[in-house]
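*Asks:* coords11.cif is reproduced in full below (mmCIF, C-alpha atoms).
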data_protein
#
loop_
_atom_site.group_PDB
_atom_site.id
_atom_site.type_symbol
_atom_site.label_atom_id
_atom_site.label_comp_id
_atom_site.auth_asym_id
_atom_site.auth_seq_id
_atom_site.Cartn_x
_atom_site.Cartn_y
_atom_site.Cartn_z
ATOM 1 C CA MET Q 1 0.000 0.000 0.000
ATOM 2 C CA SER Q 2 1.489 3.301 -0.998
ATOM 3 C CA LEU Q 3 1.314 6.274 1.296
ATOM 4 C CA THR Q 4 0.788 8.651 -1.636
ATOM 5 C CA ALA Q 5 -2.409 6.927 -2.776
ATOM 6 C CA PHE Q 6 -3.760 6.910 0.787
ATOM 7 C CA TYR Q 7 -3.085 10.611 1.333
ATOM 8 C CA LEU Q 8 -4.588 11.503 -2.066
ATOM 9 C CA LEU Q 9 -7.757 9.526 -1.256
ATOM 10 C CA ALA Q 10 -7.908 10.923 2.300
ATOM 11 C CA VAL Q 11 -7.585 14.565 1.197
ATOM 12 C CA PHE Q 12 -10.356 14.179 -1.376
ATOM 13 C CA ILE Q 13 -12.587 12.222 1.033
ATOM 14 C CA ILE Q 14 -12.293 14.934 3.699
ATOM 15 C CA ALA Q 15 -12.796 17.744 1.168
ATOM 16 C CA PHE Q 16 -15.933 16.199 -0.347
ATOM 17 C CA ALA Q 17 -17.319 15.263 3.089
ATOM 18 C CA VAL Q 18 -16.902 18.889 4.220
ATOM 19 C CA ILE Q 19 -18.714 20.059 1.073
ATOM 20 C CA ALA Q 20 -21.474 17.507 1.762
ATOM 21 C CA VAL Q 21 -22.144 18.880 5.258
ATOM 22 C CA THR Q 22 -21.688 22.600 4.529
ATOM 23 C CA ALA Q 23 -23.029 23.270 1.011
ATOM 24 C CA THR Q 24 -26.249 25.286 0.991
ATOM 25 C CA ASN Q 25 -27.148 23.786 -2.395
ATOM 26 C CA MET Q 26 -28.653 20.387 -1.519
ATOM 27 C CA VAL Q 27 -28.061 18.845 -4.962
ATOM 28 C CA ARG Q 28 -24.383 19.747 -4.708
ATOM 29 C CA ALA Q 29 -24.250 18.214 -1.216
ATOM 30 C CA ALA Q 30 -25.830 14.964 -2.480
ATOM 31 C CA PHE Q 31 -23.314 14.665 -5.325
ATOM 32 C CA SER Q 32 -20.426 15.387 -2.913
ATOM 33 C CA LEU Q 33 -21.766 12.624 -0.673
ATOM 34 C CA ALA Q 34 -21.731 10.217 -3.646
ATOM 35 C CA VAL Q 35 -18.102 11.119 -4.442
ATOM 36 C CA THR Q 36 -17.131 10.671 -0.761
ATOM 37 C CA PHE Q 37 -18.615 7.176 -0.668
ATOM 38 C CA PHE Q 38 -17.024 6.316 -4.023
ATOM 39 C CA LEU Q 39 -13.587 7.277 -2.651
ATOM 40 C CA ILE Q 40 -14.228 5.281 0.549
ATOM 41 C CA ALA Q 41 -14.777 2.272 -1.750
ATOM 42 C CA GLY Q 42 -11.231 2.968 -2.980
ATOM 43 C CA LEU Q 43 -10.021 2.773 0.627
ATOM 44 C CA TYR Q 44 -11.733 -0.625 0.988
ATOM 45 C CA LEU Q 45 -9.812 -1.787 -2.101
ATOM 46 C CA MET Q 46 -6.568 -0.591 -0.466
ATOM 47 C CA LEU Q 47 -7.501 -2.615 2.627
ATOM 48 C CA GLY Q 48 -7.741 -5.763 0.521
ATOM 49 C CA SER Q 49 -11.502 -6.201 0.561
ATOM 50 C CA PRO Q 50 -12.890 -6.039 -3.000
ATOM 51 C CA THR Q 51 -16.268 -7.445 -1.905
ATOM 52 C CA LEU Q 52 -16.981 -4.571 0.448
ATOM 53 C CA ALA Q 53 -15.690 -2.099 -2.140
ATOM 54 C CA ALA Q 54 -18.198 -3.446 -4.675
ATOM 55 C CA ILE Q 55 -21.050 -3.339 -2.141
ATOM 56 C CA GLN Q 56 -20.057 0.191 -1.075
ATOM 57 C CA PHE Q 57 -20.016 1.254 -4.727
ATOM 58 C CA MET Q 58 -23.394 -0.301 -5.518
ATOM 59 C CA VAL Q 59 -25.299 0.698 -2.366
ATOM 60 C CA ASN Q 60 -23.703 3.756 -0.803
ATOM 61 C CA ALA Q 61 -22.177 5.432 -3.848
ATOM 62 C CA SER Q 62 -25.032 4.776 -6.292
ATOM 63 C CA ALA Q 63 -28.377 3.845 -4.757
ATOM 64 C CA ILE Q 64 -28.385 6.163 -1.736
ATOM 65 C CA PRO Q 65 -27.413 9.400 -3.600
ATOM 66 C CA ILE Q 66 -30.073 8.639 -6.231
ATOM 67 C CA MET Q 67 -32.670 8.188 -3.473
ATOM 68 C CA THR Q 68 -31.454 11.404 -1.838
ATOM 69 C CA LEU Q 69 -31.759 13.322 -5.114
ATOM 70 C CA PHE Q 70 -35.280 11.971 -5.624
ATOM 71 C CA ILE Q 71 -36.365 13.069 -2.138
ATOM 72 C CA ILE Q 72 -34.706 16.494 -2.620
ATOM 73 C CA MET Q 73 -36.751 16.981 -5.801
ATOM 74 C CA MET Q 74 -39.985 15.591 -4.305
ATOM 75 C CA THR Q 75 -39.826 17.897 -1.267
ATOM 76 C CA GLN Q 76 -38.618 20.900 -3.295
ATOM 77 C CA SER Q 77 -35.782 21.601 -0.870
ATOM 78 C CA ARG Q 78 -33.197 22.719 -3.408
ATOM 79 C CA THR Q 79 -31.367 24.829 -0.826
ATOM 80 C CA THR Q 80 -31.000 24.638 2.933
ATOM 81 C CA PRO Q 81 -30.762 27.710 5.183
ATOM 82 C CA THR Q 82 -27.353 28.508 6.639
ATOM 83 C CA PRO Q 83 -26.887 27.284 10.246
ATOM 84 C CA ARG Q 84 -27.288 29.683 13.124
ATOM 85 C CA LEU Q 85 -24.283 30.886 15.069
ATOM 86 C CA TRP Q 86 -25.009 28.787 18.174
ATOM 87 C CA GLN Q 87 -25.448 25.701 15.969
ATOM 88 C CA MET Q 88 -22.066 26.267 14.326
ATOM 89 C CA THR Q 89 -20.411 26.851 17.714
ATOM 90 C CA LEU Q 90 -21.952 23.668 19.109
ATOM 91 C CA GLY Q 91 -20.952 21.727 15.985
ATOM 92 C CA PHE Q 92 -17.338 22.915 16.157
ATOM 93 C CA ILE Q 93 -17.108 22.122 19.884
ATOM 94 C CA ALA Q 94 -18.578 18.630 19.373
ATOM 95 C CA ALA Q 95 -16.305 17.885 16.388
ATOM 96 C CA ALA Q 96 -13.249 19.081 18.319
ATOM 97 C CA ALA Q 97 -14.289 16.952 21.314
ATOM 98 C CA VAL Q 98 -14.611 13.867 19.090
ATOM 99 C CA LEU Q 99 -11.194 14.490 17.536
ATOM 100 C CA GLY Q 100 -9.645 15.022 20.962
ATOM 101 C CA PHE Q 101 -11.266 11.837 22.195
ATOM 102 C CA LEU Q 102 -9.934 9.857 19.228
ATOM 103 C CA ARG Q 103 -6.410 11.314 19.200
ATOM 104 C CA ALA Q 104 -5.016 8.051 20.590
ATOM 105 C CA ALA Q 105 -5.997 6.358 17.287
ATOM 106 C CA VAL Q 106 -2.764 7.449 15.587
ATOM 107 C CA GLU Q 107 -0.755 5.326 17.996
ATOM 108 C CA HIS Q 108 -1.759 2.092 16.266
ATOM 109 C CA GLY Q 109 1.319 1.317 14.204
ATOM 110 C CA GLU Q 110 0.422 -2.036 12.626
ATOM 111 C CA SER Q 111 1.362 -2.061 8.965
ATOM 112 C CA GLN Q 112 0.605 -5.655 7.890
ATOM 113 C CA THR Q 113 -2.792 -6.219 6.293
ATOM 114 C CA THR Q 114 -4.413 -9.470 5.288
ATOM 115 C CA ALA Q 115 -6.639 -9.512 2.219
ATOM 116 C CA ALA Q 116 -10.160 -10.877 2.642
ATOM 117 C CA SER Q 117 -11.267 -12.985 -0.282
ATOM 118 C CA THR Q 118 -14.918 -13.074 -1.248
ATOM 119 C CA ALA Q 119 -15.087 -16.818 -0.564
ATOM 120 C CA VAL Q 120 -13.878 -16.472 3.038
ATOM 121 C CA LEU Q 121 -16.197 -13.534 3.675
ATOM 122 C CA GLY Q 122 -19.200 -15.421 2.283
ATOM 123 C CA GLU Q 123 -18.363 -18.517 4.295
ATOM 124 C CA GLY Q 124 -18.155 -16.447 7.494
ATOM 125 C CA LEU Q 125 -21.425 -14.726 6.605
ATOM 126 C CA LEU Q 126 -23.251 -18.034 6.164
ATOM 127 C CA SER Q 127 -21.741 -19.894 9.124
ATOM 128 C CA ALA Q 128 -20.705 -17.639 12.025
ATOM 129 C CA ALA Q 129 -23.062 -14.770 11.161
ATOM 130 C CA LEU Q 130 -26.000 -16.760 9.813
ATOM 131 C CA LEU Q 131 -28.607 -15.495 12.282
ATOM 132 C CA PRO Q 132 -27.739 -11.768 11.817
ATOM 133 C CA PHE Q 133 -27.733 -12.402 8.063
ATOM 134 C CA GLU Q 134 -31.307 -13.700 8.149
ATOM 135 C CA VAL Q 135 -32.389 -10.933 10.543
ATOM 136 C CA ALA Q 136 -30.869 -8.375 8.128
ATOM 137 C CA SER Q 137 -32.883 -9.794 5.226
ATOM 138 C CA VAL Q 138 -36.085 -9.570 7.302
ATOM 139 C CA LEU Q 139 -35.089 -6.011 8.276
ATOM 140 C CA LEU Q 140 -34.679 -5.035 4.604
ATOM 141 C CA LEU Q 141 -38.085 -6.541 3.759
ATOM 142 C CA LEU Q 142 -39.677 -4.672 6.683
ATOM 143 C CA ALA Q 143 -37.991 -1.427 5.617
ATOM 144 C CA MET Q 144 -39.279 -1.864 2.059
ATOM 145 C CA VAL Q 145 -42.857 -2.562 3.173
ATOM 146 C CA GLY Q 146 -42.707 0.221 5.768
ATOM 147 C CA ALA Q 147 -41.369 2.790 3.306
ATOM 148 C CA ILE Q 148 -44.103 1.929 0.798
ATOM 149 C CA ALA Q 149 -46.810 2.097 3.502
ATOM 150 C CA LEU Q 150 -45.481 5.414 4.846
ATOM 151 C CA ALA Q 151 -44.995 7.133 1.493
ATOM 152 C CA ARG Q 152 -48.300 5.945 0.028
ATOM 153 C CA ARG Q 153 -50.613 8.817 -0.873
ATOM 154 C CA ARG Q 154 -53.703 8.394 1.255
ATOM 155 C CA ALA Q 155 -57.109 8.505 -0.384
ATOM 156 C CA GLY Q 156 -58.981 11.666 0.514
ATOM 157 C CA MET Z 1 3.822 2.352 4.843
ATOM 158 C CA VAL Z 2 0.198 3.039 5.702
ATOM 159 C CA THR Z 3 -0.540 1.981 9.256
ATOM 160 C CA LEU Z 4 -3.772 1.259 11.078
ATOM 161 C CA GLY Z 5 -3.431 4.663 12.763
ATOM 162 C CA HIS Z 6 -3.812 6.460 9.418
ATOM 163 C CA PHE Z 7 -7.121 4.719 8.684
ATOM 164 C CA LEU Z 8 -8.447 5.163 12.224
ATOM 165 C CA LEU Z 9 -7.565 8.856 12.203
ATOM 166 C CA LEU Z 10 -9.331 9.308 8.851
ATOM 167 C CA ALA Z 11 -12.389 7.515 10.263
ATOM 168 C CA GLY Z 12 -12.271 9.841 13.285
ATOM 169 C CA ILE Z 13 -12.102 12.942 11.092
ATOM 170 C CA LEU Z 14 -15.082 11.657 9.062
ATOM 171 C CA LEU Z 15 -16.941 11.047 12.342
ATOM 172 C CA ALA Z 16 -16.257 14.647 13.427
ATOM 173 C CA ILE Z 17 -17.416 16.004 10.041
ATOM 174 C CA GLY Z 18 -20.616 13.947 10.200
ATOM 175 C CA LEU Z 19 -21.320 15.048 13.778
ATOM 176 C CA TYR Z 20 -20.823 18.680 12.761
ATOM 177 C CA GLY Z 21 -23.317 18.162 9.927
ATOM 178 C CA VAL Z 22 -25.903 16.519 12.201
ATOM 179 C CA LEU Z 23 -25.674 19.426 14.655
ATOM 180 C CA THR Z 24 -25.652 22.309 12.162
ATOM 181 C CA ARG Z 25 -27.912 21.241 9.287
ATOM 182 C CA ARG Z 26 -31.430 22.688 9.379
ATOM 183 C CA ASN Z 27 -32.897 20.698 6.511
ATOM 184 C CA LEU Z 28 -33.836 17.201 7.714
ATOM 185 C CA ILE Z 29 -32.692 15.553 4.455
ATOM 186 C CA ALA Z 30 -29.247 17.082 5.013
ATOM 187 C CA VAL Z 31 -29.274 15.737 8.594
ATOM 188 C CA LEU Z 32 -29.900 12.224 7.237
ATOM 189 C CA MET Z 33 -27.032 12.690 4.751
ATOM 190 C CA SER Z 34 -24.730 13.618 7.657
ATOM 191 C CA VAL Z 35 -25.881 10.500 9.533
ATOM 192 C CA GLU Z 36 -24.795 8.526 6.451
ATOM 193 C CA ILE Z 37 -21.281 10.006 6.776
ATOM 194 C CA LEU Z 38 -21.230 9.001 10.468
ATOM 195 C CA LEU Z 39 -22.235 5.414 9.655
ATOM 196 C CA ASN Z 40 -19.624 5.190 6.890
ATOM 197 C CA ALA Z 41 -16.919 6.396 9.276
ATOM 198 C CA ALA Z 42 -17.861 3.596 11.680
ATOM 199 C CA ALA Z 43 -17.815 1.041 8.856
ATOM 200 C CA LEU Z 44 -14.392 2.278 7.727
ATOM 201 C CA ALA Z 45 -13.028 1.864 11.259
ATOM 202 C CA PHE Z 46 -14.428 -1.682 11.449
ATOM 203 C CA VAL Z 47 -12.953 -2.684 8.067
ATOM 204 C CA SER Z 48 -9.511 -1.206 8.783
ATOM 205 C CA VAL Z 49 -9.234 -2.897 12.194
ATOM 206 C CA ALA Z 50 -10.400 -6.182 10.628
ATOM 207 C CA ALA Z 51 -7.793 -5.918 7.863
ATOM 208 C CA TYR Z 52 -4.903 -5.170 10.218
ATOM 209 C CA ARG Z 53 -5.744 -7.184 13.315
ATOM 210 C CA ASP Z 54 -8.024 -10.078 12.385
ATOM 211 C CA PRO Z 55 -6.427 -12.468 9.862
ATOM 212 C CA HIS Z 56 -8.949 -15.312 10.105
ATOM 213 C CA LEU Z 57 -12.460 -14.324 11.099
ATOM 214 C CA PHE Z 58 -13.228 -11.094 9.190
ATOM 215 C CA ALA Z 59 -15.852 -10.264 11.787
ATOM 216 C CA GLY Z 60 -15.147 -6.549 11.235
ATOM 217 C CA GLN Z 61 -16.001 -6.832 7.549
ATOM 218 C CA ILE Z 62 -19.257 -8.626 8.349
ATOM 219 C CA PHE Z 63 -20.024 -5.813 10.797
ATOM 220 C CA ALA Z 64 -19.381 -3.259 8.029
ATOM 221 C CA LEU Z 65 -21.713 -5.182 5.733
ATOM 222 C CA PHE Z 66 -24.478 -5.037 8.358
ATOM 223 C CA ILE Z 67 -23.808 -1.323 8.916
ATOM 224 C CA ILE Z 68 -24.412 -0.737 5.188
ATOM 225 C CA VAL Z 69 -27.642 -2.817 5.308
ATOM 226 C CA VAL Z 70 -29.008 -1.050 8.387
ATOM 227 C CA ALA Z 71 -28.037 2.367 6.952
ATOM 228 C CA ALA Z 72 -29.964 1.641 3.751
ATOM 229 C CA ALA Z 73 -33.055 0.521 5.711
ATOM 230 C CA GLU Z 74 -32.865 3.518 8.056
ATOM 231 C CA LEU Z 75 -32.464 5.954 5.182
ATOM 232 C CA SER Z 76 -35.434 4.613 3.197
ATOM 233 C CA ILE Z 77 -37.721 4.760 6.259
ATOM 234 C CA GLY Z 78 -36.402 8.232 7.133
ATOM 235 C CA PHE Z 79 -37.069 9.539 3.645
ATOM 236 C CA ALA Z 80 -40.607 8.100 3.684
ATOM 237 C CA ILE Z 81 -41.251 9.888 6.996
ATOM 238 C CA LEU Z 82 -39.818 13.134 5.551
ATOM 239 C CA LEU Z 83 -42.168 12.790 2.575
ATOM 240 C CA ASN Z 84 -45.088 12.697 5.037
ATOM 241 C CA VAL Z 85 -43.629 15.727 6.860
ATOM 242 C CA TYR Z 86 -43.517 17.579 3.551
ATOM 243 C CA ARG Z 87 -47.160 16.682 2.826
ATOM 244 C CA THR Z 88 -48.389 17.929 6.217
ATOM 245 C CA HIS Z 89 -46.104 20.965 6.700
ATOM 246 C CA GLY Z 90 -44.962 22.009 3.218
ATOM 247 C CA VAL Z 91 -41.282 22.078 4.233
ATOM 248 C CA VAL Z 92 -38.772 19.574 5.666
ATOM 249 C CA ASP Z 93 -37.150 22.061 8.026
ATOM 250 C CA SER Z 94 -36.373 21.117 11.625
ATOM 251 C CA ASP Z 95 -37.783 24.476 12.837
ATOM 252 C CA ALA Z 96 -41.138 23.935 11.118
ATOM 253 C CA ILE Z 97 -41.967 20.657 12.870
ATOM 254 C CA SER Z 98 -41.156 21.704 16.431
ATOM 255 C CA GLU Z 99 -44.814 21.713 17.464
ATOM 256 C CA MET Z 100 -46.590 18.427 18.283
ATOM 257 C CA ARG Z 101 -49.650 18.516 16.104
ATOM 258 C CA GLY Z 102 -51.151 15.751 13.972
#
Would you encode the structure as structure tokens?
*Replies:*
Amino acid sequence: MSLTAFYLLAVFIIAFAVIAVTATNMVRAAFSLAVTFFLIAGLYLMLGSPTLAAIQFMVNASAIPIMTLFIIMMTQSRTTPTPRLWQMTLGFIAAAAVLGFLRAAVEHGESQTTAASTAVLGEGLLSAALLPFEVASVLLLLAMVGAIALARRRAG
Amino acid sequence: MVTLGHFLLLAGILLAIGLYGVLTRRNLIAVLMSVEILLNAAALAFVSVAAYRDPHLFAGQIFALFIIVVAAAELSIGFAILLNVYRTHGVVDSDAISEMRG
């Protein structure tokens, strides 16, 4: 793994994530979010996990931004008002607190990764994590039915 | 050489950015987008720790997979609720729905 590729990905991920949480144009924020997730898929590739990279690309970098754009258009919220001063102060304090809390993370110096093949991941998913796997499929079905029932236009 | 600390620090920065977005955004759709960044930061931390520390089980990657599944379910339900908010209030602003009225 080259340090240059990591820093390039990291700089762009942070830049696009900042645009996604600060842009007043909602469409621009949604597209920045898609680019952020696409670059995080690149990080998963660097970590030796092509399966998760593919899933991240298909779900988080494609399906979720499209859904977000649809809901932005359906609710006609093209722009969002700028945050108030106390909100920005609170946000900065909370973000700084999180970073201060996580500053010990840089002390992890391991540099040896192991690649996860799709076969091993699938075997683990269907043996050790079989019950959560089934519960997740039921959860997705429930979410689909619930979203349809909630978004249905009521008669009258 | 890229170490585990690099990935964990990047996940922490993403967590801070997402938290800032959740606290400052006034449009509820934008709040949900910030929650997505938070969940992705957690998934990134899980995957990086799994890749560096866990050579056999890949439990961290399975966790990341479930985070993606739960995030997709949560987002679709959230957007359906916001569509109802838009139908009853005309906007999806957090200030507009502060009163408890049916």
*Asks:* Can you pull out the residues contacting Q:Ala147? Cut-off 10 Å, using only C-alpha atoms, and skip same-chain residues under 2 positions away; I want them as a ChimeraX atom specification.
*Replies:* /Q:141-145,149-152 /Z:73-81
*Asks:* Near chain Q, meaning an atom within 6 Å, which residues of chain Z appear when counting all atoms listed in the file? Write them as a count of residues only.
*Replies:* 19
*Asks:* Grab the atom CA of Z:Ser34 to atom CA of Z:Ala50 distance for me, in Å with one decimal place.
*Replies:* 24.6 Å
*Asks:* Rounded to one decimal in Å, what is the spacing between atom CA of Q:Ala61 and atom CA of Z:Val70?
*Replies:*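 Atom-to-atom, atom CA of Q:Ala61 to atom CA of Z:Val70, that is 15.4 Å.
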*Asks:* Using only C-alpha atoms, pick whichever of Z:Leu82, Z:Glu99, Z:Val69, Z:Phe46 has the shortest atom-to-atom distance to Q:Val135.
*Replies:*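 Nearest to Q:Val135: Z:Val69.
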*Asks:* Determine the nearest neighbour of Z:Val47 from the options Q:Leu45, Q:Ala119, Q:Ala15, Q:Ile66, counting all atoms listed in the file.
*Replies:*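 The answer is Q:Leu45, which sits nearest to Z:Val47.
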*Asks:* What do you get, as a PyMOL selection string, if you spell out every residue that the PyMOL selection byres ((chain Z and resi 36) around 9) selects here?
*Replies:* (chain Q and resi 33+60) or (chain Z and resi 18+31-35+37-41+71+75)
*Asks:* Could you state the separation of atom CA of Z:Tyr86 and atom CA of Z:Leu28 in Å, given to one decimal place?
*Replies:*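 Taking atom CA of Z:Tyr86 and atom CA of Z:Leu28, their separation equals 10.5 Å.
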*Asks:* Starting from the shown file, work through the PyMOL selection byres ((chain Z and resi 60) around 10) and note down what comes out as a VMD selection string.
*Replies:* chain Z and resid 43 to 51 53 to 54 57 to 59 61 to 66
*Asks:* For each of Z:Leu19, Z:Ile67, Z:Ala11, Z:Arg25, take the minimum atom-to-atom distance to Z:Asp95, counting only C-alpha atoms, then give the residue where this is smallest.
*Replies:*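 For Z:Asp95, the nearest of the given residues is Z:Arg25.
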*Asks:* Work out where the centre of an axis-aligned box around every listed atom of stretch 20-27 of chain Z lies and how long its edges are once 3 Å is added on each side; give both in Å to one decimal as JSON.
*Replies:*
{"center_x": -26.9, "center_y": 19.6, "center_z": 10.6, "size_x": 18.1, "size_y": 12.2, "size_z": 14.1}
